[in-house]
Each structure stands twice: as structure tokens, then as C-alpha cells.
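Working notes, beginning with the structure itself.
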Amino acid sequence: MSTYGEKIRISDLHAFYGESHILHGIDLNVKQGELVTLLGRNGAGRSTTLRSIMNMVGRRSGTININGRQTIGMASHRIAHLGIGYCPEERAIFSSLNVEENLMLPPAVRSDGMCVEEIYDMFPNLYERRYSQGTRLSGGEQQMLALARILRSGANILLLDEITEGLAPVIVKKLGEVLQKLKQRGLTILLVEQNFRFAAPIADRHYVMEHGHIVEEVGAHELEARADMLHTYLGV
Amino acid sequence: MATFLGINLFGLFGQLLVGLINGSFYALLSLGLAIIFGLLKIINFAQGAMYMLGAFAAWMALNYFGINYWAALILVPLAVGFAGVLIERVLLRPIAGEDHLYSLLLTFGIALVLQGLFTQIYGASGQPYSIPDALKGGTKLPFMYLPDYRAWIIVASVVVCGLTWFMIEKTRLGAYLRAGTENPAMLQAFGINVPLIVTLTFGFGVGLAGFAGVMAAPVYSVSPDMGSNMLIVVFAIVVIGGMGSIGGAILTGLGMGIIEGLTKYFYPEASTTVIFAVMVIVLLLKPAGLFGKEA
């Protein structure tokens, strides 16, 4: 059973793409208002963990509780309506939709999402380019659009996959500020991140993944003491 | 006789009109095919059979239940669309994960079964369906006589195609359809019931064919093979226009009708092959079609 304030609890999660067994019994939990990262090398299974939560992998088994509800047998659109916003690594901006259509695409999954004015206030670039084709935006703008899109839907559990990848330092800094703001609003965030320097100052806890297993759990206050271990796993 | 540079204008405009009428049907049918292909990635070989079903449903509604043309114009597309919903849910859904060849063969089979069934019951010869009283007249234009019903076909088809285009390109529902065409898994992860949209889209695309069938009943004879004759040409048109482009399907349908009409006037021997000749040229020069996106 879930304890109060626990938004995500995963136990013994296995995931498969066809014949490939990707996740080998993942256990993790994220409490309300926490920002937790999944660290690890490419191919460690971090993205697959997020995709498994959304039921976007071939097959999965185990337990995934969202707000205390078991979702392993749920279709992915029903999972979203539990208040989850997923931002995939490839950002998935739709090229046949303009910026505003992309922004308005996800239906409200909860009632208290950010309104369009708030979104444009937070990301003024998107307002200026609201009638441009979605994929004509720069990489940084596309990332902001992908983030803005799930904030407008009212999602209060965010699954963010490599949101800083390939972006200029100034944009990365902006994204860091946005995540801080979202944390202050009490949103729960599970972040897959390659850029440890980006994640370290804002995260409460870190899970380290390797070969489809979670190998370490590190609290924010233990980071310095366990730097050697992280260095071994992440090569940073 | 009115002539201009040796061209018989009565004959020319007459063939242009016939071309526009055929083009109206091509546009409706290829639009339905393009919508279905976009979201389901299915080449619906049953689209011609659904057109035939629409014409027969209008004929049956009139002769068995006394339902007139205007009521049939609303009810029959709904009924044919509902048949499409059933086909998607019961037959296509179970093979959705398989190679697309399966769905192609399945819809081809559905078309053969329907055509065979109607031939068995009603025979291969056509059933008459008269033009509704309100549209029996005509207008005399400078170079031609324009029967009201022919004008109605063109207007109604352009309006329905235009509304469909608007719905897909400019509304929220259309945004779901476009997004689903591009990345259905991600659209579903946003909380949209994609399987439901797929079912409704198939029903809508097939309903458009049913609508075309009702419109065709008074001008072509209502016969079991009317759909299969039409479908080959419509596939060529979809290839010319490029799969998955909504506006392209409409414009190519109308345009090819006109080209066919002009050919009928200037070189009648080529009128049945001109569309295929255009298809070959387009495939050589622009393999993705006139409006298609290069992969």
C-alpha cells in the first residue's frame, strides 16, 4: 500500500521490447514535491523506466502505483489522466501543428493547470512564435514547448527525459530556473539526466541505474561523500 | 453552333462538366482514403464497396422504406460510417499490429464479399434511382445547358470536402487527427483515447464514400460493380496527389476529373487512360506525389 504523499511507487518492474529484456526488477518511489533523478550511462534503462510508467514499452510486469493506483493494466491515455505529464527525449513536437496547436494539444488531465498567459509569461519566445510550425523552433524553444505543453495540461507529476540534451548553456540555466519554480509549486518530478551538474543542485535524491537495475540511491546531502562511487558509475 | 478557333464550345463545356462531376466523386473518395491512410496506415480497398453500399442503401431506403433522397443524404452516410466502425472494431483492430499487407488483403476481401453479395441479390445490371424533384430542372448558360442536379453534385461535393479540410486543418479535433497521424503513441500518452479516434476516423472516411454513393445514385446506375470501377481510378489519383495530404487529395480529385473531361473532348481514345499516364509521369518526377512529403 502507498503511504500518504507518495506519487510514484514502482516495485519489481520488468520491461521488454520484443524479446529484449530491458528492465530487471526496478524498485523506486517518488514523494509529492520531490525532484528525483535517474542517473546512469546511455542504455542503462532510464528512458525505458519513464516509458514503462506511461505503458509505452512492448510488455511490462510488476507494480507501478501512481497516487496509490495500480496502473500496470491501464492504457496509456488513462495513465496520463492520473496527472502525469511525459516529456520524451526526442521532445515529440508535432510538425503538422503550429506552436500554439502543440501547446493546446494535451487535454487537461487535472483542473489546475497553468493558463496560456502564465505559460507565455514563463516562455516569451513561444508567444512570439506561436503561429510557426512546431518543428521550425530552435532546439531550446522546442524543449520549452514540450515542457509548457504538459504544464498547461495540469499534470502534477512530470516525467522529463534528457531535457537539457544538446542545448546551449543559457537555455540549460533557464530550464534549471523553471524546474526550481515548478518544485516550489509542489510538482513532483522524475528526471532522467545526463548532465549531472544540472541535476545535482536541484534534485532531492538520485537513483543510479546500470544494465536495467537500480544500483544505488543517493540523497542530495550525501553527494560529496559518495562522489567516488558516482564517478565510477557515471564517468563524470 | 458556337465555335472558337475551331473548337466546338458546346462539346467542350459539356465534357468539362462531366469531368467536374467525375472529379467531385474522385475528390470525395480519395479524401476518405487519404484520411484513413493518414491515421491507420491502411490502404482501404473497401472504399469503392462503401461507395457502392451508399448508393444501394439510398436505393433500398427509397424502395423499401420510402425514405427520400434528402433524408438518405444524411442517414446513409451515418449508416455506412457505422458499418465502417464495426469493420474497424471487429475485423481491422485484431490485426492492427500485423504487417499492413494483412489489412490491405482484408479490406480487399470485404470489397469482394460485398460486391458478390449485391450481385447475388440484385443482379449485375443497374437499378434506377431518379433525380429528386427539386433538382430536375436546369439552367441555360451561354455555351451549355447545366442540369440542376449536376450543379448540385459539384457544389455539395466542394462544400463537404471544404468542411472536412477545415475540420482537419483548423480545429482541435483535427489537431488530434494530425498529431495522431504523426505520432499516435505520444498523442495517447497525453491522455487522448487514440483507439477511439482511430475507430471514428475509419467510420468518417468510409462515411464520405457512403455520401458519394448517395450523390452518385441518380447519375450513375446503382450497380454492384460501380465501386470497383471507380476505385482503380481513385487509387491512381491518391498516388498522384500523394498519400496523407488532405488538401492534395481534394485538389487532385477535382483536377484529374477535369483533365479526364478535356481529354474526352480533344482525344477521346485516351480518356480512360490519361489519369494513369499522369500517374506514371508523376511517379517518375515526384515519387511522393504532387502534395506528398518526401520521406
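By convention here, the chains of the C-alpha cells are called A, B, ... in the order presented, each chain's residues are numbered starting at 1, and ligands are numbered starting at 1 in the order presented.
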Skipping near chain neighbours, those fewer than 5 positions away, what residues fall within 12 Å of B:Ile121 using only C-alpha atoms, listed as a PyMOL selection string?
chain B and resi 56+114-116+127+223-224
Just C-alpha atoms for this one: save the residues we selected as a PDB file, in the first residue's frame.
```
ATOM      1  CA  PHE B  56     -27.574   0.797 -52.747  1.00  0.00           C
ATOM      2  CA  LEU B 114     -19.989  -7.023 -50.563  1.00  0.00           C
ATOM      3  CA  GLN B 115     -19.878  -6.826 -54.336  1.00  0.00           C
ATOM      4  CA  GLY B 116     -20.666 -10.535 -54.633  1.00  0.00           C
ATOM      5  CA  GLN B 127     -31.081  -0.217 -60.545  1.00  0.00           C
ATOM      6  CA  SER B 223     -24.933  -1.437 -59.642  1.00  0.00           C
ATOM      7  CA  PRO B 224     -22.703  -3.799 -57.638  1.00  0.00           C
TER       8      PRO B 224
END
```
Would you give me, as a tab-separated table, each residue of chain A having an atom within 6 Å of an atom of chain B, along with its shortest atom pair and that distance in Å to one decimal, using only C-alpha atoms and sorting by chain and residue number?
```
residue	atom	partner	partner_atom	distance
A:Ser76	CA	B:Ala189	CA	5.3
A:His77	CA	B:Gly191	CA	3.8
A:Ala80	CA	B:Gly191	CA	4.8
A:His81	CA	B:Gly191	CA	5.8
A:Pro106	CA	B:Phe190	CA	5.2
```
If we count only C-alpha atoms, what is near A:Gly166 at a cut-off of 10 Å, once residues fewer than 6 positions away on the same chain are taken out, given as number ranges by chain?
A: 139-140, 172
Selected residues written out with C-alpha atoms, as a tab-separated table (two decimals), in the first residue's frame:
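The file below, part_12.tsv, is the result:
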```tsv
chain	number	residue	atom	x	y	z
A	139	GLY	CA	16.08	23.08	-30.11
A	140	GLY	CA	15.79	25.14	-26.94
A	172	VAL	CA	20.04	24.97	-19.68
```
Among stretch 139-181 of chain B, which ones does DSSP assign to strand (DSSP E) (computed from the backbone)? Answer as number ranges by chain.
B: 139-141, 144-147
Output file for the selection above: N, CA and C atoms, as a PDB file, in the first residue's frame:
```pdb
ATOM      1  N   THR B 139     -30.386  25.030 -66.068  1.00  0.00           N
ATOM      2  CA  THR B 139     -30.173  26.421 -66.419  1.00  0.00           C
ATOM      3  C   THR B 139     -29.477  26.469 -67.766  1.00  0.00           C
ATOM      4  N   LYS B 140     -29.951  27.403 -68.623  1.00  0.00           N
ATOM      5  CA  LYS B 140     -29.289  27.542 -69.913  1.00  0.00           C
ATOM      6  C   LYS B 140     -28.205  28.603 -69.779  1.00  0.00           C
ATOM      7  N   LEU B 141     -26.960  28.200 -69.953  1.00  0.00           N
ATOM      8  CA  LEU B 141     -25.836  29.130 -69.899  1.00  0.00           C
ATOM      9  C   LEU B 141     -25.426  29.447 -71.330  1.00  0.00           C
ATOM     10  N   MET B 144     -23.733  26.296 -72.772  1.00  0.00           N
ATOM     11  CA  MET B 144     -24.135  24.938 -72.403  1.00  0.00           C
ATOM     12  C   MET B 144     -25.424  24.958 -71.598  1.00  0.00           C
ATOM     13  N   TYR B 145     -26.005  23.786 -71.489  1.00  0.00           N
ATOM     14  CA  TYR B 145     -27.165  23.602 -70.631  1.00  0.00           C
ATOM     15  C   TYR B 145     -26.686  22.916 -69.360  1.00  0.00           C
ATOM     16  N   LEU B 146     -26.948  23.516 -68.195  1.00  0.00           N
ATOM     17  CA  LEU B 146     -26.456  22.971 -66.928  1.00  0.00           C
ATOM     18  C   LEU B 146     -27.612  22.392 -66.124  1.00  0.00           C
ATOM     19  N   PRO B 147     -27.732  21.054 -66.087  1.00  0.00           N
ATOM     20  CA  PRO B 147     -28.809  20.459 -65.291  1.00  0.00           C
ATOM     21  C   PRO B 147     -28.570  20.744 -63.805  1.00  0.00           C
TER      22      PRO B 147
END
```
Any idea what's packed within 6 Å of A:Gly134, counting only C-alpha atoms, ignoring anything in its chain fewer than 5 positions away? Could you give it as an NGL selection string?
:A and (95 or 97-99)
Quote the spacing between atom CA of A:Leu126 and atom CA of A:Ser138 in Å to one decimal place.
10.7 Å
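In this structure, atom CA of A:Gly186 sits 23.1 Å away from atom CA of A:Pro124.
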Measure the distance from atom CA of A:Ala225 to atom CA of A:Thr164 in Å and round it to one decimal.
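Computing the Euclidean distance for atom CA of A:Ala225 and atom CA of A:Thr164 yields 26.0 Å.
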Residues within 8 Å of A:Glu89, please, as a PyMOL selection string. Count only C-alpha atoms; anything in the same chain fewer than 4 positions from it doesn't count.
chain A and resi 47+160-163
Could you turn the residues from that selection into a file that holds N, CA and C atoms, as an mmCIF file, in the first residue's frame?
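Generated file (part-v7.cif):
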```cif
data_model
loop_
_atom_site.group_PDB
_atom_site.id
_atom_site.type_symbol
_atom_site.label_atom_id
_atom_site.label_comp_id
_atom_site.auth_asym_id
_atom_site.auth_seq_id
_atom_site.Cartn_x
_atom_site.Cartn_y
_atom_site.Cartn_z
ATOM 1 N N SER A 47 15.449 5.851 -19.740
ATOM 2 C CA SER A 47 14.315 6.246 -20.589
ATOM 3 C C SER A 47 13.237 5.174 -20.593
ATOM 4 N N LEU A 160 10.468 13.717 -17.053
ATOM 5 C CA LEU A 160 11.242 14.504 -18.011
ATOM 6 C C LEU A 160 12.486 13.739 -18.425
ATOM 7 N N ASP A 161 12.635 13.553 -19.752
ATOM 8 C CA ASP A 161 13.733 12.741 -20.263
ATOM 9 C C ASP A 161 14.765 13.624 -20.966
ATOM 10 N N GLU A 162 15.932 13.760 -20.368
ATOM 11 C CA GLU A 162 17.069 14.461 -21.001
ATOM 12 C C GLU A 162 16.671 15.828 -21.541
ATOM 13 N N ILE A 163 16.098 16.664 -20.706
ATOM 14 C CA ILE A 163 15.600 17.932 -21.250
ATOM 15 C C ILE A 163 16.715 18.921 -21.579
#
```
Pick out the residues sitting within 9 Å of B:Leu33, and hand them over as number ranges by chain; count only C-alpha atoms, and ignore anything fewer than 4 positions along from it in its own chain.
B: 28-29, 37-38, 42-45, 47, 205-206, 209, 234-235, 238, 243-244, 249
Would you list the contacts of stretch 53-65 of chain A as a PDB file with N, CA and C atoms, in the first residue's frame, taking every protein, DNA or RNA residue within 8 Å and counting only C-alpha atoms, but skipping same-chain residues closer than 3 positions in sequence?
```pdb
ATOM      1  N   SER A   2       0.335   2.278  -0.535  1.00  0.00           N
ATOM      2  CA  SER A   2       1.138   3.502  -0.605  1.00  0.00           C
ATOM      3  C   SER A   2       0.925   4.324   0.648  1.00  0.00           C
ATOM      4  N   LYS A   7       3.743   9.771  -4.706  1.00  0.00           N
ATOM      5  CA  LYS A   7       3.104   9.918  -6.020  1.00  0.00           C
ATOM      6  C   LYS A   7       3.403   8.725  -6.922  1.00  0.00           C
ATOM      7  N   ILE A   8       4.651   8.255  -6.891  1.00  0.00           N
ATOM      8  CA  ILE A   8       5.028   7.121  -7.731  1.00  0.00           C
ATOM      9  C   ILE A   8       5.661   6.047  -6.854  1.00  0.00           C
ATOM     10  N   ARG A   9       5.184   4.828  -6.937  1.00  0.00           N
ATOM     11  CA  ARG A   9       5.876   3.706  -6.282  1.00  0.00           C
ATOM     12  C   ARG A   9       5.952   2.560  -7.278  1.00  0.00           C
ATOM     13  N   ILE A  10       7.180   2.173  -7.576  1.00  0.00           N
ATOM     14  CA  ILE A  10       7.409   1.105  -8.545  1.00  0.00           C
ATOM     15  C   ILE A  10       8.069  -0.051  -7.821  1.00  0.00           C
ATOM     16  N   SER A  11       7.519  -1.259  -7.973  1.00  0.00           N
ATOM     17  CA  SER A  11       8.195  -2.423  -7.399  1.00  0.00           C
ATOM     18  C   SER A  11       8.332  -3.529  -8.429  1.00  0.00           C
ATOM     19  N   ASP A  12       9.523  -4.089  -8.442  1.00  0.00           N
ATOM     20  CA  ASP A  12       9.839  -5.251  -9.269  1.00  0.00           C
ATOM     21  C   ASP A  12       9.368  -5.076 -10.715  1.00  0.00           C
ATOM     22  N   LEU A  13       9.690  -3.924 -11.302  1.00  0.00           N
ATOM     23  CA  LEU A  13       9.260  -3.645 -12.674  1.00  0.00           C
ATOM     24  C   LEU A  13      10.213  -4.291 -13.679  1.00  0.00           C
ATOM     25  N   HIS A  14       9.632  -5.102 -14.523  1.00  0.00           N
ATOM     26  CA  HIS A  14      10.381  -5.654 -15.656  1.00  0.00           C
ATOM     27  C   HIS A  14       9.762  -5.102 -16.931  1.00  0.00           C
ATOM     28  N   ALA A  15      10.603  -4.770 -17.904  1.00  0.00           N
ATOM     29  CA  ALA A  15      10.065  -4.273 -19.168  1.00  0.00           C
ATOM     30  C   ALA A  15      10.792  -4.922 -20.328  1.00  0.00           C
ATOM     31  N   PHE A  16      10.059  -5.109 -21.405  1.00  0.00           N
ATOM     32  CA  PHE A  16      10.591  -5.820 -22.567  1.00  0.00           C
ATOM     33  C   PHE A  16      10.244  -5.058 -23.844  1.00  0.00           C
ATOM     34  N   TYR A  17      11.204  -5.036 -24.783  1.00  0.00           N
ATOM     35  CA  TYR A  17      10.892  -4.648 -26.168  1.00  0.00           C
ATOM     36  C   TYR A  17      11.046  -5.905 -26.989  1.00  0.00           C
ATOM     37  N   GLY A  18       9.950  -6.464 -27.458  1.00  0.00           N
ATOM     38  CA  GLY A  18      10.053  -7.720 -28.187  1.00  0.00           C
ATOM     39  C   GLY A  18      10.698  -8.778 -27.301  1.00  0.00           C
ATOM     40  N   GLY A  25      13.602  -5.700 -12.787  1.00  0.00           N
ATOM     41  CA  GLY A  25      13.159  -5.565 -11.396  1.00  0.00           C
ATOM     42  C   GLY A  25      13.553  -4.242 -10.766  1.00  0.00           C
ATOM     43  N   THR A  48      13.675   3.924 -20.595  1.00  0.00           N
ATOM     44  CA  THR A  48      12.706   2.829 -20.598  1.00  0.00           C
ATOM     45  C   THR A  48      11.867   2.857 -19.322  1.00  0.00           C
ATOM     46  N   THR A  49      12.496   3.274 -18.201  1.00  0.00           N
ATOM     47  CA  THR A  49      11.728   3.372 -16.957  1.00  0.00           C
ATOM     48  C   THR A  49      10.592   4.376 -17.118  1.00  0.00           C
ATOM     49  N   LEU A  50      10.898   5.537 -17.711  1.00  0.00           N
ATOM     50  CA  LEU A  50       9.843   6.537 -17.920  1.00  0.00           C
ATOM     51  C   LEU A  50       8.786   6.013 -18.896  1.00  0.00           C
ATOM     52  N   GLY A  68      -1.145   5.918  -5.636  1.00  0.00           N
ATOM     53  CA  GLY A  68      -1.704   4.756  -4.958  1.00  0.00           C
ATOM     54  C   GLY A  68      -2.515   3.841  -5.855  1.00  0.00           C
ATOM     55  N   ARG A  69      -2.625   4.169  -7.151  1.00  0.00           N
ATOM     56  CA  ARG A  69      -3.410   3.298  -8.035  1.00  0.00           C
ATOM     57  C   ARG A  69      -2.508   2.452  -8.912  1.00  0.00           C
ATOM     58  N   GLN A  70      -2.780   1.174  -8.944  1.00  0.00           N
ATOM     59  CA  GLN A  70      -2.011   0.257  -9.782  1.00  0.00           C
ATOM     60  C   GLN A  70      -2.312   0.558 -11.252  1.00  0.00           C
ATOM     61  N   THR A  71      -1.259   0.738 -12.078  1.00  0.00           N
ATOM     62  CA  THR A  71      -1.500   1.143 -13.468  1.00  0.00           C
ATOM     63  C   THR A  71      -0.969   0.143 -14.480  1.00  0.00           C
ATOM     64  N   ILE A  72      -0.543  -1.029 -14.010  1.00  0.00           N
ATOM     65  CA  ILE A  72       0.151  -1.930 -14.932  1.00  0.00           C
ATOM     66  C   ILE A  72      -0.780  -2.399 -16.059  1.00  0.00           C
ATOM     67  N   MET A  74      -3.289  -0.551 -17.274  1.00  0.00           N
ATOM     68  CA  MET A  74      -4.020   0.614 -17.786  1.00  0.00           C
ATOM     69  C   MET A  74      -3.492   1.050 -19.155  1.00  0.00           C
ATOM     70  N   ALA A  75      -4.397   1.508 -20.037  1.00  0.00           N
ATOM     71  CA  ALA A  75      -3.974   2.079 -21.319  1.00  0.00           C
ATOM     72  C   ALA A  75      -3.290   3.410 -21.056  1.00  0.00           C
ATOM     73  N   SER A  76      -2.398   3.795 -21.954  1.00  0.00           N
ATOM     74  CA  SER A  76      -1.545   4.945 -21.667  1.00  0.00           C
ATOM     75  C   SER A  76      -2.341   6.250 -21.541  1.00  0.00           C
ATOM     76  N   ILE A  79      -3.507   6.539 -17.993  1.00  0.00           N
ATOM     77  CA  ILE A  79      -2.420   6.848 -17.063  1.00  0.00           C
ATOM     78  C   ILE A  79      -2.177   8.358 -17.034  1.00  0.00           C
ATOM     79  N   ALA A  80      -2.206   8.980 -18.222  1.00  0.00           N
ATOM     80  CA  ALA A  80      -1.995  10.430 -18.292  1.00  0.00           C
ATOM     81  C   ALA A  80      -3.004  11.162 -17.419  1.00  0.00           C
ATOM     82  N   TYR A  86       4.367  13.620 -19.594  1.00  0.00           N
ATOM     83  CA  TYR A  86       5.592  12.951 -20.042  1.00  0.00           C
ATOM     84  C   TYR A  86       6.240  13.765 -21.146  1.00  0.00           C
TER      85      TYR A  86
ATOM     86  N   ALA B 185       1.476   7.143 -30.500  1.00  0.00           N
ATOM     87  CA  ALA B 185       1.828   6.715 -29.139  1.00  0.00           C
ATOM     88  C   ALA B 185       1.955   7.927 -28.215  1.00  0.00           C
ATOM     89  N   ALA B 189      -0.178   9.201 -24.950  1.00  0.00           N
ATOM     90  CA  ALA B 189       0.470   9.470 -23.657  1.00  0.00           C
ATOM     91  C   ALA B 189       0.051  10.831 -23.101  1.00  0.00           C
TER      92      ALA B 189
END
```
Could you pull out the alpha helix (DSSP H) residues of stretch 30-275 of chain B, going by DSSP on the backbone, and write them as a ChimeraX atom specification?
/B:30-40,47-65,69-86,100-122,148-170,172-182,184-189,194-216,226-241,246-266,274-275
I'd like to know which of A:Ala227, A:Val208, A:Ile150, A:Val215 is closest to A:Gly40, using only C-alpha atoms.
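Among the listed residues, A:Val208 lies closest to A:Gly40.
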